[in-house]
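input-v4.pdb follows; it contains PDB, C-alpha atoms.
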```
ATOM      1  CA  MET A 198     -22.785 -21.051  44.542
ATOM      2  CA  SER A 199     -23.400 -18.592  47.335
ATOM      3  CA  GLN A 200     -20.658 -17.465  49.670
ATOM      4  CA  VAL A 201     -21.043 -16.847  53.409
ATOM      5  CA  ARG A 202     -18.356 -15.690  55.842
ATOM      6  CA  ALA A 203     -18.367 -17.786  58.987
ATOM      7  CA  MET A 204     -18.417 -16.242  62.435
ATOM      8  CA  GLY A 205     -15.906 -16.833  65.201
ATOM      9  CA  SER A 206     -12.791 -15.120  63.887
ATOM     10  CA  SER A 207     -11.800 -11.498  64.303
ATOM     11  CA  THR A 208     -10.518 -11.428  60.707
ATOM     12  CA  GLY A 209     -13.524 -13.232  59.272
ATOM     13  CA  ALA A 210     -11.233 -15.972  57.933
ATOM     14  CA  VAL A 211     -11.833 -19.542  59.073
ATOM     15  CA  SER A 212      -8.928 -21.964  59.538
ATOM     16  CA  VAL A 213      -9.024 -25.566  58.330
ATOM     17  CA  ALA A 214      -9.097 -26.735  61.977
ATOM     18  CA  ALA A 215     -12.030 -24.450  62.869
ATOM     19  CA  PHE A 216     -13.869 -25.545  59.747
ATOM     20  CA  GLU A 217     -13.357 -29.187  60.684
ATOM     21  CA  ARG A 218     -14.567 -28.564  64.259
ATOM     22  CA  GLY A 219     -17.623 -26.691  62.935
ATOM     23  CA  GLY A 220     -19.588 -29.901  62.550
ATOM     24  CA  SER A 221     -22.926 -30.049  60.796
ATOM     25  CA  ARG A 222     -23.267 -26.282  60.392
ATOM     26  CA  TYR A 223     -20.668 -26.647  57.620
ATOM     27  CA  ASP A 224     -22.348 -29.582  55.873
ATOM     28  CA  HIS A 225     -22.498 -28.927  52.125
ATOM     29  CA  CYS A 226     -19.781 -26.288  52.390
ATOM     30  CA  GLU A 227     -16.252 -25.801  51.157
ATOM     31  CA  LEU A 228     -13.541 -23.509  52.503
ATOM     32  CA  TRP A 229     -12.054 -21.133  49.933
ATOM     33  CA  ASP A 230      -9.213 -18.970  51.222
ATOM     34  CA  GLY A 231     -10.768 -18.850  54.693
ATOM     35  CA  ALA A 232     -14.305 -18.100  53.452
ATOM     36  CA  VAL A 233     -17.030 -20.681  53.949
ATOM     37  CA  VAL A 234     -18.758 -21.330  50.636
ATOM     38  CA  VAL A 235     -22.177 -22.960  50.772
ATOM     39  CA  ARG A 236     -22.734 -25.670  48.170
ATOM     40  CA  GLU A 237     -26.471 -26.048  47.725
ATOM     41  CA  ALA A 238     -27.862 -29.504  47.000
ATOM     42  CA  PRO A 239     -27.386 -29.879  43.233
ATOM     43  CA  GLY A 240     -30.346 -32.062  42.335
ATOM     44  CA  THR A 241     -31.213 -35.598  41.385
ATOM     45  CA  TYR A 242     -29.920 -35.638  37.794
ATOM     46  CA  HIS A 243     -26.536 -34.369  39.026
ATOM     47  CA  GLY A 244     -26.455 -37.188  41.572
ATOM     48  CA  GLY A 245     -27.353 -39.767  38.939
ATOM     49  CA  VAL A 246     -24.521 -38.635  36.672
ATOM     50  CA  ALA A 247     -21.996 -38.653  39.532
ATOM     51  CA  GLN A 248     -23.185 -42.096  40.658
ATOM     52  CA  ARG A 249     -22.825 -43.582  37.148
ATOM     53  CA  ILE A 250     -19.209 -42.419  36.936
ATOM     54  CA  LEU A 251     -18.390 -43.436  40.511
ATOM     55  CA  ALA A 252     -19.830 -46.924  39.970
ATOM     56  CA  ARG A 253     -17.549 -47.379  36.943
ATOM     57  CA  LEU A 254     -14.605 -45.949  38.852
ATOM     58  CA  TRP A 255     -15.161 -48.185  41.889
ATOM     59  CA  THR A 256     -15.545 -51.291  39.679
ATOM     60  CA  HIS A 257     -12.300 -50.461  37.873
ATOM     61  CA  VAL A 258     -10.360 -49.935  41.109
ATOM     62  CA  GLU A 259     -11.719 -53.166  42.616
ATOM     63  CA  THR A 260     -11.192 -55.388  39.559
ATOM     64  CA  SER A 261      -7.809 -53.960  38.572
ATOM     65  CA  HIS A 262      -6.568 -53.988  42.172
ATOM     66  CA  ALA A 263      -5.462 -50.389  41.762
ATOM     67  CA  PRO A 264      -3.487 -49.305  44.824
ATOM     68  CA  GLY A 265      -5.986 -46.836  46.206
ATOM     69  CA  ARG A 266      -9.603 -46.142  47.052
ATOM     70  CA  VAL A 267     -12.660 -44.361  45.713
ATOM     71  CA  VAL A 268     -14.408 -41.795  47.875
ATOM     72  CA  ALA A 269     -17.882 -40.395  47.385
ATOM     73  CA  SER A 270     -19.090 -36.846  47.076
ATOM     74  CA  ASP A 271     -18.686 -34.396  49.924
ATOM     75  CA  THR A 272     -15.426 -35.988  51.064
ATOM     76  CA  GLY A 273     -13.378 -33.062  52.330
ATOM     77  CA  PHE A 274      -9.802 -32.603  51.146
ATOM     78  CA  ALA A 275      -7.731 -30.021  53.040
ATOM     79  CA  VAL A 276      -5.595 -29.012  50.078
ATOM     80  CA  SER A 277      -4.048 -25.968  51.762
ATOM     81  CA  ARG A 278      -3.691 -24.491  55.224
ATOM     82  CA  ARG A 279      -2.362 -21.129  53.958
ATOM     83  CA  PRO A 280      -4.658 -19.984  52.546
ATOM     84  CA  PRO A 281      -7.190 -22.265  54.256
ATOM     85  CA  ARG A 282      -8.864 -24.433  51.588
ATOM     86  CA  VAL A 283     -11.054 -27.495  51.934
ATOM     87  CA  LEU A 284     -12.622 -28.728  48.698
ATOM     88  CA  ALA A 285     -15.113 -31.532  48.142
ATOM     89  CA  PRO A 286     -15.382 -33.206  44.716
ATOM     90  CA  ASP A 287     -18.331 -35.224  43.439
ATOM     91  CA  GLY A 288     -16.115 -38.295  43.664
ATOM     92  CA  ALA A 289     -12.427 -39.153  43.633
ATOM     93  CA  TYR A 290      -9.679 -41.748  43.515
ATOM     94  CA  VAL A 291      -6.801 -41.350  45.937
ATOM     95  CA  SER A 292      -3.838 -43.734  46.091
ATOM     96  CA  PHE A 293      -2.647 -45.563  49.200
ATOM     97  CA  LEU A 294       0.704 -43.842  48.657
ATOM     98  CA  ARG A 295      -0.900 -40.425  49.015
ATOM     99  CA  LEU A 296      -3.423 -41.438  51.692
ATOM    100  CA  PRO A 297      -2.402 -44.707  53.414
ATOM    101  CA  THR A 298      -5.355 -44.672  55.831
ATOM    102  CA  LEU A 299      -8.648 -42.827  55.876
ATOM    103  CA  PRO A 300      -8.547 -40.068  58.477
ATOM    104  CA  VAL A 301     -11.591 -39.290  60.593
ATOM    105  CA  GLY A 302     -11.391 -35.664  59.460
ATOM    106  CA  PHE A 303     -10.408 -34.148  56.141
ATOM    107  CA  ALA A 304      -7.849 -35.817  53.913
ATOM    108  CA  PRO A 305      -4.632 -33.758  54.134
ATOM    109  CA  CYS A 306      -4.007 -33.863  50.372
ATOM    110  CA  ALA A 307      -5.677 -33.643  46.996
ATOM    111  CA  PRO A 308      -6.776 -36.869  45.307
ATOM    112  CA  GLU A 309      -4.956 -37.915  42.144
ATOM    113  CA  PHE A 310      -8.168 -38.144  40.099
ATOM    114  CA  LEU A 311     -11.550 -36.567  40.701
ATOM    115  CA  ILE A 312     -14.806 -35.642  39.067
ATOM    116  CA  GLU A 313     -16.769 -32.423  39.307
ATOM    117  CA  VAL A 314     -20.309 -32.546  37.913
ATOM    118  CA  ARG A 315     -21.746 -29.142  37.074
ATOM    119  CA  SER A 316     -24.978 -28.498  38.926
ATOM    120  CA  PRO A 317     -27.737 -26.342  37.406
ATOM    121  CA  ARG A 318     -26.741 -23.407  39.631
ATOM    122  CA  ASP A 319     -23.003 -23.537  38.900
ATOM    123  CA  SER A 320     -21.441 -21.824  35.922
ATOM    124  CA  LEU A 321     -19.215 -23.868  33.663
ATOM    125  CA  GLU A 322     -16.544 -21.201  34.150
ATOM    126  CA  HIS A 323     -16.631 -21.803  37.925
ATOM    127  CA  GLN A 324     -16.232 -25.560  37.414
ATOM    128  CA  HIS A 325     -13.190 -25.054  35.168
ATOM    129  CA  GLN A 326     -11.684 -22.616  37.697
ATOM    130  CA  LYS A 327     -12.186 -25.211  40.413
ATOM    131  CA  ALA A 328     -10.495 -27.834  38.208
ATOM    132  CA  GLY A 329      -7.513 -25.502  37.939
ATOM    133  CA  LEU A 330      -7.471 -25.090  41.705
ATOM    134  CA  TRP A 331      -7.464 -28.866  42.172
ATOM    135  CA  ILE A 332      -4.578 -29.221  39.687
ATOM    136  CA  ALA A 333      -2.649 -26.424  41.435
ATOM    137  CA  HIS A 334      -2.947 -28.379  44.687
ATOM    138  CA  GLY A 335      -1.677 -31.663  43.289
ATOM    139  CA  ALA A 336      -4.549 -33.438  41.540
ATOM    140  CA  GLU A 337      -3.316 -35.075  38.348
ATOM    141  CA  VAL A 338      -6.602 -35.349  36.451
ATOM    142  CA  VAL A 339      -9.965 -33.605  36.857
ATOM    143  CA  TRP A 340     -13.073 -34.441  34.860
ATOM    144  CA  VAL A 341     -15.544 -31.561  34.619
ATOM    145  CA  VAL A 342     -18.818 -33.187  33.636
ATOM    146  CA  ASP A 343     -21.469 -30.970  32.054
ATOM    147  CA  PRO A 344     -24.968 -32.494  31.966
ATOM    148  CA  ASP A 345     -26.255 -29.656  29.733
ATOM    149  CA  THR A 346     -23.856 -30.365  26.862
ATOM    150  CA  LYS A 347     -23.321 -34.033  27.807
ATOM    151  CA  THR A 348     -19.554 -33.543  27.715
ATOM    152  CA  ILE A 349     -16.600 -34.338  29.931
ATOM    153  CA  THR A 350     -13.713 -31.884  29.900
ATOM    154  CA  VAL A 351     -10.487 -33.562  30.977
ATOM    155  CA  HIS A 352      -8.019 -31.286  32.779
ATOM    156  CA  ARG A 353      -4.390 -32.296  33.335
ATOM    157  CA  ALA A 354      -1.450 -30.289  34.623
ATOM    158  CA  LEU A 355       0.472 -28.486  31.884
ATOM    159  CA  GLU A 356      -1.920 -29.655  29.140
ATOM    160  CA  ALA A 357      -4.786 -27.965  27.365
ATOM    161  CA  PRO A 358      -8.203 -29.241  28.478
ATOM    162  CA  VAL A 359      -9.740 -31.866  26.199
ATOM    163  CA  ILE A 360     -13.513 -31.939  25.606
ATOM    164  CA  VAL A 361     -14.914 -35.450  25.181
ATOM    165  CA  ARG A 362     -18.425 -36.117  23.864
ATOM    166  CA  GLY A 363     -20.570 -38.985  22.638
ATOM    167  CA  ASP A 364     -18.650 -42.238  22.211
ATOM    168  CA  GLU A 365     -15.269 -40.546  22.667
ATOM    169  CA  ARG A 366     -13.525 -41.842  25.792
ATOM    170  CA  ALA A 367     -12.429 -39.734  28.736
ATOM    171  CA  ASP A 368      -9.489 -41.290  30.560
ATOM    172  CA  ALA A 369      -7.794 -40.806  33.907
ATOM    173  CA  ARG A 370      -4.165 -41.241  32.883
ATOM    174  CA  PRO A 371      -1.639 -40.759  34.455
ATOM    175  CA  ALA A 372      -3.478 -40.824  37.796
ATOM    176  CA  LEU A 373      -5.285 -44.086  37.126
ATOM    177  CA  PRO A 374      -4.027 -45.804  33.958
ATOM    178  CA  GLY A 375      -6.609 -48.044  32.361
ATOM    179  CA  PHE A 376      -9.647 -46.190  33.612
ATOM    180  CA  SER A 377     -11.698 -44.630  30.842
ATOM    181  CA  MET A 378     -15.296 -44.420  29.706
ATOM    182  CA  PRO A 379     -17.294 -42.979  26.815
ATOM    183  CA  ALA A 380     -18.760 -39.597  27.712
ATOM    184  CA  SER A 381     -22.221 -40.848  26.720
ATOM    185  CA  ASP A 382     -22.084 -43.537  29.444
ATOM    186  CA  ALA A 383     -22.190 -40.842  32.134
ATOM    187  CA  PHE A 384     -25.658 -39.839  30.949
ATOM    188  CA  ALA A 385     -27.108 -43.117  29.631
ATOM    189  CA  GLY A 386     -30.507 -44.037  31.001
ATOM    190  CA  LEU A 387     -30.966 -40.835  32.951
TER     191      LEU A 387
END
```
What would the structure in this file look like if it were written as structure tokens?
Amino acid sequence: MSQVRAMGSSTGAVSVAAFERGGSRYDHCELWDGAVVVREAPGTYHGGVAQRILARLWTHVETSHAPGRVVASDTGFAVSRRPPRVLAPDGAYVSFLRLPTLPVGFAPCAPEFLIEVRSPRDSLEHQHQKAGLWIAHGAEVVWVVDPDTKTITVHRALEAPVIVRGDERADARPALPGFSMPASDAFAGL
């Protein structure tokens, strides 16, 4: 992931509001402590893995009538204004309690459950650091999905991460009770 400081501020830091107003020049970017971080397009396999998990997630939310919604990749969540942080997962579930309506701009909270699929250019260490950042800002469960090892590491607040592989099931409790899937299903047919 390459990092680029945005122009337009005497300190070099970009606020959440300025980032939101920046329009398409900030497509495929996140805001980390006021620095614009470019997220290069991760590739087709990455997208296939994310789509397989999101399809399962959406089906679960629809059929179980879970009180929330699923959002796709690149949905911006303004998790902090000081320091300015806008993160974008590869997919997420956010409850109606936390986000009653979809704003036109960034969601002003972290989702309860989200997935981060490691792209070929991201280090696994970076993905786990980002999971910790999500948890620190209120996410309850983060799945870090690694296509190289075909594993899902489940992060929860105040618990050690759990690595799930093969037919072992990753679950989204307590954020979304009842939602789980075998790790192998994220990669099947790809």
Written as number ranges by chain, which residues does the PyMOL selection byres ((chain A and resi 320-328) around 12) give for the file shown?
A: 198, 227, 229, 282-287, 307, 310-319, 329-346, 348-354, 357-360
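Using only C-alpha atoms for every distance, the candidate list A:Ala289, A:Ala304, A:Leu355, A:Val235 yields A:Ala289 as the residue closest to Arg253 (chain A).
Using all atoms listed in the file, the smallest distance between any of A:Pro264, A:Pro281, A:Gly245, A:Pro239 and Ala214 (chain A) comes from A:Pro281.
Rounded to one decimal, CA of Ala247 (chain A) and CA of Ser270 (chain A) lie 8.3 Å from each other.
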Exercise: Pro297 (chain A) partners within 12 Å, all atoms listed in the file, chain neighbours under 4 positions left out, as a ChimeraX atom specification:
/A:264-266,291-293,304-306
